[in-house]
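S.K.: Okay, handing you the structure first.
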Amino acid sequence: MGAIDTSLKRIYDQLCAGNVGLAIMEMDTYLMAWPNPQSREKLETLKNEYDLMADYWMQGATDPDRDAQYQKLLQRLYVLMANIAIHRHMSATSFLQQLHHNARQTGRPMNLEAIRQEMEGFVSDVAMLELEPEHTRKEKSKALYKTHQQQMNQLFNFMLTSNIWPDSTGQMMEELLVSPTIDGNDQQLLVSAVMLSLMNRFDIVKFRTLVNVYRRTTDEHVKQRALVGWVLGLDDTVHSIYPEQRALVEELLKSKRVCAELTELQIQMIYTMDAEKDTNTVQEEIIPDIMKNNTNFRVTKNGIEEVEDDPLEDVLNPDASEQRMEKLEQSMQRMIDMQRQGSDIFYGGFSQTKRFPFFYDVSNWLVPFYIQHPDIAQFVESFEDNRFMESIMNKGPFCNSDKYSFVIAFQQVFSQFPDSLRQAMKSGEASMGDIVSDSDEQQTPAFIRRNYLMDLYRFFQLFPNRQAFINPFSQKAGQLAMCFFFISRVFSNTPIEEKKPEVVRVMKKHQFTAAADDLLKSFPESMRDVEYYLWVGDYVSALKLDPDNERALSFRARSLFAYDFYEQANDEYDHLLLLHPGKVSYMLNKAICLVNMEEYEDALKLLYQLNFEHEEDVNIQRVLAWALTCDGKLEQADKLYQQLTSDNSATSEDYLNKGYCQWLLGRIKEADTCFDQYFTLGGDFYEAFNNNDWLRQRGISDTDIRLMQAMVMQHDSARRAQERSDNRPF
């Protein structure tokens, strides 16, 4: 549901509950506070029809059409409320108000028949350009595309700011959007306009139009935009008003292809949501590696400069060049792999370019890329016959929005490139290598859909007036983003259910935990298998279905250990080791259980074996050192602690346990030094001296403990005072 005025929400709530009478009462109250003659007239008509139906019902008369009449009244009342809400939203948003005004003040006929003739005329005029003499064709082409672009921009804004459609408008628009006599770019742009309008306020006719266009069109680009459009337009709250929404979806889901495309789309949207994270990876990790290992050119304040090879390097370090090239290729391959997996690796790089005047118009964010676009004509002319640019525009994996950015930005920086690089670009010798994609891949539904999602993400994240629109990628507090559409109740008890586990795995991988949890709640009982119970953390149920499930057993063992049930935890690790003999983590955890059970002999046997087999594993050494300390083998433990604390990898716990060992050896000053280091690394005072029973069992009296506490605290206070003094400004 789009944003709605709080004063209209009471009406909307009654409509969603299916209460026509109560909704009429709320609407009557609203129009008293916000008078509008046209809306009042429509409400009175609806009120009279409702009263007639209610009177007939009160007389006890049977009317087989009553339910259908009631539903129609509910829908007509929704249309009245929705149109008021659209008007209120535009009135409160100067940007939308301006779009609405400009789209309707040109004197151009905006009826669909006139629009169709105009759009078909454009296709004919473009075809006729081939008959024009070469010396006049270019100028006529410019004029033709400029006029058409202005017309399409106006039509886009008209559709975007339209009210709820009558059925007749939907039927005519559907035919327009699937017609082979209309330019595909125009159809794609109008589908986007319908989608934005639908997202801001649900309209069953617009929704039906997009569903039918998706079902009927033979143009894959139009098809994929229509798919994204009706998916983002889904609204669970209007089910009582428009049960047709679910019926339309259920009919589509009879097709296995549709189910597969919806699953792909949901996964692609998850990747799209990770654009900011992918940007950080590229900018903070990959790009610095590329720049560090590329010695052919360097970026300066005067542009890009070519760097000559250092002749001494071949003598002093003959392998350096080859090593740099290998690292450069690895960095490039990492970026290519991210891009092929679906990551939006170009978002950060192109974000700043969205401030060009080209992007002042909403339609330019979503218009398919075409080289004749009049707003980039001046830039295109400056690098005609440039094979590098031709390759980028034809084969580059950029979304439409980024292609426009690339053309504009490239023209501005091309002159700053070294002559050798410019010549290489013109001749085609310079290329983007494996980042470019072949033409067959670019025509696949997945590729088309992914690039359109990138266009949308840029628009909703970067357009200056984006607040006027419902952002499907926004996750507000307590709310999931609209793009997590698999969660919609529209898909419950449909063939799409079997695809949900696949989507949950991707959500979990990308750390969209709240969305994954919500989707898991929608799983029917029949799909609640071992994997489901592991996802929701119900390990008891998982073990009932699979008593030997490793993950569930491991969790149960950790839980028992956390509650100090060491014997039971030890039994669980025995079970796990029967299933997975020799697994180091389970053997080590079993040893820890034995130490806590004070079965030191068995623990040490196991730890000696582990330490012999994995002598570089410091975690094994830590547990072994502690077991030796507990068993009174202090000299052996001391040797291990000396090793563990010999470099900067030592943890605060290493120093704490080493301090206990030194204390038991009677080395009070050394113990104090260890405890002091423990605090320096962030250790807790209470944790250091809450092990009193363990200390008493080993001959440390309460007096000894208090003396150590006082000494350690005194030294810690002195150290803190010195740090404050050192940090004091002059």
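Going by the structure tokens order, chains are called A, B, ..., each with residues numbered from 1, while ligands are numbered from 1 in the order shown.
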With a distance cut-off of 7 Å and only C-alpha atoms, select the neighbouring residues of stretch 558-567 of chain A, excluding the residue or stretch itself and same-chain residues fewer than 3 positions from it, and output the selection as a count of residues only.
M.R.: 7
S.K.: Excluding A:Ala671 and its own-chain neighbours fewer than 6 positions away, which residues fall within 8 Å of it when counting only C-alpha atoms? Please give them as a PDB file with N, CA and C atoms, in the first residue's frame.
M.R.:
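What ended up in around.pdb:
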ATOM      1  N   LYS A 658      47.500 -17.507  32.273  1.00  0.00           N
ATOM      2  CA  LYS A 658      48.933 -17.519  32.609  1.00  0.00           C
ATOM      3  C   LYS A 658      49.153 -16.919  34.006  1.00  0.00           C
ATOM      4  N   GLY A 659      48.366 -15.880  34.329  1.00  0.00           N
ATOM      5  CA  GLY A 659      48.465 -15.272  35.658  1.00  0.00           C
ATOM      6  C   GLY A 659      48.123 -16.262  36.754  1.00  0.00           C
ATOM      7  N   TYR A 660      47.080 -17.075  36.547  1.00  0.00           N
ATOM      8  CA  TYR A 660      46.739 -18.107  37.534  1.00  0.00           C
ATOM      9  C   TYR A 660      47.897 -19.096  37.702  1.00  0.00           C
ATOM     10  N   CYS A 661      48.482 -19.497  36.565  1.00  0.00           N
ATOM     11  CA  CYS A 661      49.588 -20.454  36.606  1.00  0.00           C
ATOM     12  C   CYS A 661      50.770 -19.880  37.401  1.00  0.00           C
ATOM     13  N   GLN A 662      51.124 -18.617  37.134  1.00  0.00           N
ATOM     14  CA  GLN A 662      52.228 -17.978  37.849  1.00  0.00           C
ATOM     15  C   GLN A 662      51.915 -17.859  39.337  1.00  0.00           C
ATOM     16  N   TRP A 663      50.676 -17.548  39.638  1.00  0.00           N
ATOM     17  CA  TRP A 663      50.258 -17.404  41.036  1.00  0.00           C
ATOM     18  C   TRP A 663      50.433 -18.729  41.773  1.00  0.00           C
TER      19      TRP A 663
END
S.K.: Smallest atom-to-atom distance to A:Tyr360: which of A:Phe484, A:Phe473, A:Phe346, A:Phe95, using only C-alpha atoms?
M.R.: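 Among A:Phe484, A:Phe473, A:Phe346, A:Phe95, it is A:Phe95 that comes nearest to A:Tyr360.
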S.K.: Within 12 Å of A:Arg201, counting only C-alpha atoms, which residues show up once you throw out same-chain ones fewer than 5 positions away? Write them as a PyMOL selection string, please.
M.R.: chain A and resi 1-5+12+78-79+81-90+160-165+194-196+206-207+232-235+237-238+469-470
S.K.: Using only C-alpha atoms, which residues sit within 10 Å of A:Met173 once same-chain residues fewer than 4 positions away are excluded, as a list of chain:residue names?
M.R.: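 Counting only the stated atoms, we get A:Leu112, A:Glu113, A:Arg116, A:Asp167, A:Ser168, A:Thr169, A:Leu177, A:Val178, A:Ser179, A:Gln187, A:Leu190, A:Val191, A:Val194, A:Lys206, A:Thr209, A:Leu210, A:Val213.
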S.K.: For stretch 672-677 of chain A, find every residue with an atom within 6 Å (counting only C-alpha atoms), except residues of its own chain fewer than 3 positions away, and show them as number ranges by chain.
M.R.: A: 655-656, 659, 669, 680
S.K.: Can you list, as an mmCIF file with C-alpha atoms, in the first residue's frame, every protein, DNA or RNA residue that comes within 7 Å of stretch 373-379 of chain A when you count only C-alpha atoms, leaving out same-chain residues fewer than 4 positions away?
M.R.:
data_model
loop_
_atom_site.group_PDB
_atom_site.id
_atom_site.type_symbol
_atom_site.label_atom_id
_atom_site.label_comp_id
_atom_site.auth_asym_id
_atom_site.auth_seq_id
_atom_site.Cartn_x
_atom_site.Cartn_y
_atom_site.Cartn_z
ATOM 1 C CA LYS A 142 17.580 14.569 -34.739
ATOM 2 C CA TYR A 145 13.807 11.882 -32.034
ATOM 3 C CA LYS A 146 13.751 15.175 -30.137
ATOM 4 C CA PHE A 358 20.111 14.378 -18.018
ATOM 5 C CA VAL A 407 28.380 8.441 -22.469
ATOM 6 C CA ILE A 408 28.165 11.797 -20.706
ATOM 7 C CA GLN A 411 33.000 12.714 -23.239
#
S.K.: What separation in Å, quoted to one decimal, exists between atom CA of A:Asp28 and atom CA of A:Ser7?
M.R.: 12.1 Å
S.K.: Measuring atom to atom with only C-alpha atoms, identify which of A:Val367, A:Ala625, A:Ala515, A:Leu248 is nearest to A:Gly184.
M.R.: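 Answer, going by the shortest atom-to-atom distance: A:Val367.
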S.K.: To one decimal place, how far is atom CA of A:Asp65 from atom CA of A:Leu77 in Å?
M.R.: 18.3 Å
S.K.: Residues of stretch 129-270 of chain A classed as helix (DSSP H, G or I) by DSSP on the backbone are to be reported as a count of residues only.
M.R.: 112
S.K.: Give me, please, the distance in Å between atom CA of A:Val595 and atom CA of A:Arg667, quoted to one decimal.
M.R.: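 Between atom CA of A:Val595 and atom CA of A:Arg667 the gap works out to 24.2 Å.
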